Every structure is written in structure tokens, then in C-alpha cells.
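Quick notes on the structure that follows.
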Amino acid sequence: MAAVAGCAPPSVPPPPPTPLPPPVAIRPLERVDDNAFAFQGALAQGGYAIGQAPPDAISVTLDGRQVMLAPNRRFALGFNRDAQERSTVEARMADGSRLIARIRIAQRRYDVQSIPGLPGRSQPSPEYERLRKAERARIVEARAQRNASDGWQQRWIWPVIGRMSGVYGSQRVLGGVPRNPHYGVDIAVPSGTPIVAPADGVVALASPPQFSLEGNLVIIDHGMGVNTAYLHLSRVDVRRGERVRRGQRIGTVGTTGRSTGPHLHWAVNWLDQRLDPELVAGTMPGASRRGDDG
């Protein structure tokens with residue numbers, strides 16, 4: 001028996017397990033549905049619109065750029081002066097799928113004046129460049145603020161009513177050198193005319209001190225990356241951090257800074273996109289144009 005036991009065959013090791021196949025990358029479902037979103041406003045160069053995303057959306061992008069999404073699934077969109085004709089809005093859904101809308105951006109023509117006999121841009125002094133660099137930094141910091149406000153989705157009013165002496169998008173070419181386009185509107189009214197906030201917001205910047213170009217300057221953050229700027233004021237009636245309501249007085253028209261006559265230069269931004277105030281607030285009541293006052 002012992003001999004029989006001692007002669008038992010040796011155990012054979014089991015074969016190695018078959019390796020698992022590499023994991024398959026599963027891409028989220030992408031569905032194009034132009035009717036999945038709703039838009040209200042101007043889908044145009046210089047335009048501003050409020051979008052409504054589907055109920056299950058958890059994030060939204062415009063041409064690959066993340067935009068802020070409110071709890072009610074609404075979001076702001078803005079388009080620069082020279083925006084391309086096609087844009088893509090994409091929502092990422094709670095189940096991991098993606099929903100895409102292709103939107104058309106209306107193209108516009110602008111008032112471009114070429115004056116060949118005048119010299120182009122002069123070279124600023126080093127002292128002015130140092131001053132201007134510090135001023136730009138203050139403006140950039142103010143426009144980067146993201147305060148909680150519903151002003152971006154209100155119906156806007158005009159900050160002042162008067163003759164429009166400068167329109168959005170216009171440009172001069174002096175001696176063959178293109179100048180910067182006019183990113184805003186100029187409203188020529190007497191000095192001391194009250195200026196009101198067009199929508200609720202938080203004051204992100206308020207002079208003093210004055211700025212070399214803008215003079216007395218106020219910037220208001222209306223939420224969701226939307227902000228407005230008011231230039232050349234004779235008086236500022238608000239302070240930084242103050243909450244303002246639509247229709248509240250924020251200052252008075254003047255001719256401070258680089259200005260050749262009393263007027264308000266009003267500018268609207270969404271993130272880094274410079275918008276046309278006329279496409280945000282609508283046509284000014286009783287508007288008349290033009291004759292450039294500076």
C-alpha cells in the first residue's frame with residue numbers, strides 16, 4: 001500500500017487564464033437636434049441671446065467653450081462683431097449623452113470709412129504705456145468678476161435717451177491703417193443728464209480715479225459673464241460692490257477722458273465678446289442718428 005501510495009503521479013498545474021481583451025472606449029452618444037434648445041434674442045454678429053437647455057442638461061458649451069448654466073437651465077450667449085456664420089451649442093446630459101444644436105449667426109455690414117490722406121496711429125510714450133497697462137488691468141479684473149445677479153435675463157432699458165452719435169461696429173481706416181472698431185454706442189446729451197442702470201447688477205468698478213481714455217468709468221456685472229461699461233461720466237453716484245436695480249441712477253453724462261463733447265459711451269460684454277447694445281436693449285425709443293461727437 002505504501003508502495004502504491006509512493007508511486008502516485010505528480011500533480012499537473014492548471015493552464016494560465018486567457019487574458020481579457022482591452023477595454024473598449026465607449027463614446028457618449030451625440031445627437032444633433034436643432035429643436036432641443038430654445039433661444040430668445042439676436043443670433044447675429046454683435047448679438048445677445050438667452051438660451052434654454054433641455055431639462056436633463058448638466059453643462060453647455062458654445063463652440064467648445066464652457067458657458068455658465070443657471071438652475072433653471074438658462075444660459076447667456078454673445079457673439080462678437082465678426083463672429084462666423086455657424087456656431088455649435090452642445091449640452092451634456094445627465095446620462096452621459098450629448099445633444100447638439102447648429103445655429104446660424106446673421107452676418108452684418110458696418111460703417112467703415114477710409115480716409116487715405118490722414119496719418120495712422122501715433123506711437124504712445126513709455127510713460128503713457130505704463131499708465132495704460134495699469135488701467136487695463138483694473139478693467140480686466142472688473143470684467144472677470146462673477147457676481148450673483150439676474151440682470152442678464154431681465155428685459156433691459158436704455159441708460160439714457162438721446163441722439164445716437166456713434167454706432168456699434170463702425171470703423172475708420174486712416175492712411176491705410178485700420179483703427180479699432182467702435183465697440184459700443186455713443187449717446188449725445190447735455191452734461192449732467194442722469195444715467196440709469198439698464199438691468200440689475202453689482203458695481204464691479206467705479207471711479208475715482210479717472211482713466212486716461214474712459215474718464216470717469218463705471219462697470220456693472222449683471223451675472224453669467226454679462227457686464228456693461230459707462231464712459232466719460234461727469235459724476236459717479238455708485239461705489240464698487242454696490243447692488244443696483246434696473247432704472248437706478250448710477251451717474252451723470254460728461255466729457256471726461258478722451259472725449260470731444262458731452263456724451264455717454266455705453267458698451268456691453270459677454271465674457272470676451274463685445275456686443276451691440278442695440279441688440280441687447282432693443283431700439284432706443286425715439287432714436288435719432290448720427291454725426292459723430294466723439
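Following the order of the C-alpha cells, chains are lettered A, B, ..., residues in each are numbered from 1, and ligands are numbered from 1.
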
Residues within 12 Å of A:Phe37, only C-alpha atoms, excluding chain neighbours under 5 positions, as a VMD selection string | chain A and resid 32 50 to 57 60 73 to 75 88 to 91 99 to 103

Could you find all residues in stretch 165-277 of chain A that DSSP calls strand (DSSP E) from the backbone, and write them as a VMD selection string?
-> chain A and resid 165 to 166 171 to 174 177 to 178 185 to 188 194 to 196 201 to 206 216 to 223 226 to 233 235 to 236 243 to 244 249 to 252 264 to 270 273 to 275

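In terms of minimum interatomic distance to A:Met68, A:Leu271 ranks closest within A:Arg81, A:Thr228, A:Leu271, A:Pro209, counting only C-alpha atoms.
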
Please give the complete set of residues from stretch 33-190 of chain A that DSSP, run on the backbone, assigns to alpha helix (DSSP H), formatted as a PyMOL selection string.
-> chain A and resi 126-143

Atomic separation - atom CA of A:Ala281 relative to atom CA of A:Leu43, Å | 14.2 Å

With a distance cut-off of 7 Å and only C-alpha atoms, select the neighbouring residues of A:Arg249, excluding the residue or stretch itself and same-chain residues fewer than 6 positions from it, and output the selection as a PyMOL selection string.
-> chain A and resi 194-197

Atoms kept (N, CA, C and O atoms) for selection, written as a PDB file, in the first residue's frame:
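again_16.pdb, written as the output of this step:
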```pdb
ATOM      1  N   PRO A 194     -28.876 112.464 -16.189  1.00  0.00           N
ATOM      2  CA  PRO A 194     -28.744 111.243 -15.376  1.00  0.00           C
ATOM      3  C   PRO A 194     -28.595 109.988 -16.235  1.00  0.00           C
ATOM      4  O   PRO A 194     -29.193 109.868 -17.306  1.00  0.00           O
ATOM      5  N   ILE A 195     -27.794 109.052 -15.754  1.00  0.00           N
ATOM      6  CA  ILE A 195     -27.596 107.733 -16.361  1.00  0.00           C
ATOM      7  C   ILE A 195     -28.139 106.705 -15.380  1.00  0.00           C
ATOM      8  O   ILE A 195     -27.846 106.764 -14.184  1.00  0.00           O
ATOM      9  N   VAL A 196     -28.933 105.747 -15.883  1.00  0.00           N
ATOM     10  CA  VAL A 196     -29.509 104.716 -15.014  1.00  0.00           C
ATOM     11  C   VAL A 196     -29.013 103.343 -15.431  1.00  0.00           C
ATOM     12  O   VAL A 196     -28.584 103.132 -16.574  1.00  0.00           O
ATOM     13  N   ALA A 197     -29.069 102.399 -14.502  1.00  0.00           N
ATOM     14  CA  ALA A 197     -28.681 101.021 -14.798  1.00  0.00           C
ATOM     15  C   ALA A 197     -29.724 100.382 -15.704  1.00  0.00           C
ATOM     16  O   ALA A 197     -30.921 100.474 -15.440  1.00  0.00           O
TER      17      ALA A 197
END
```

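When only C-alpha atoms are used to compute distances to A:Asp200, the closest of the residues A:Gly223, A:Gly151, A:Val177, A:Trp156 turns out to be A:Gly151.
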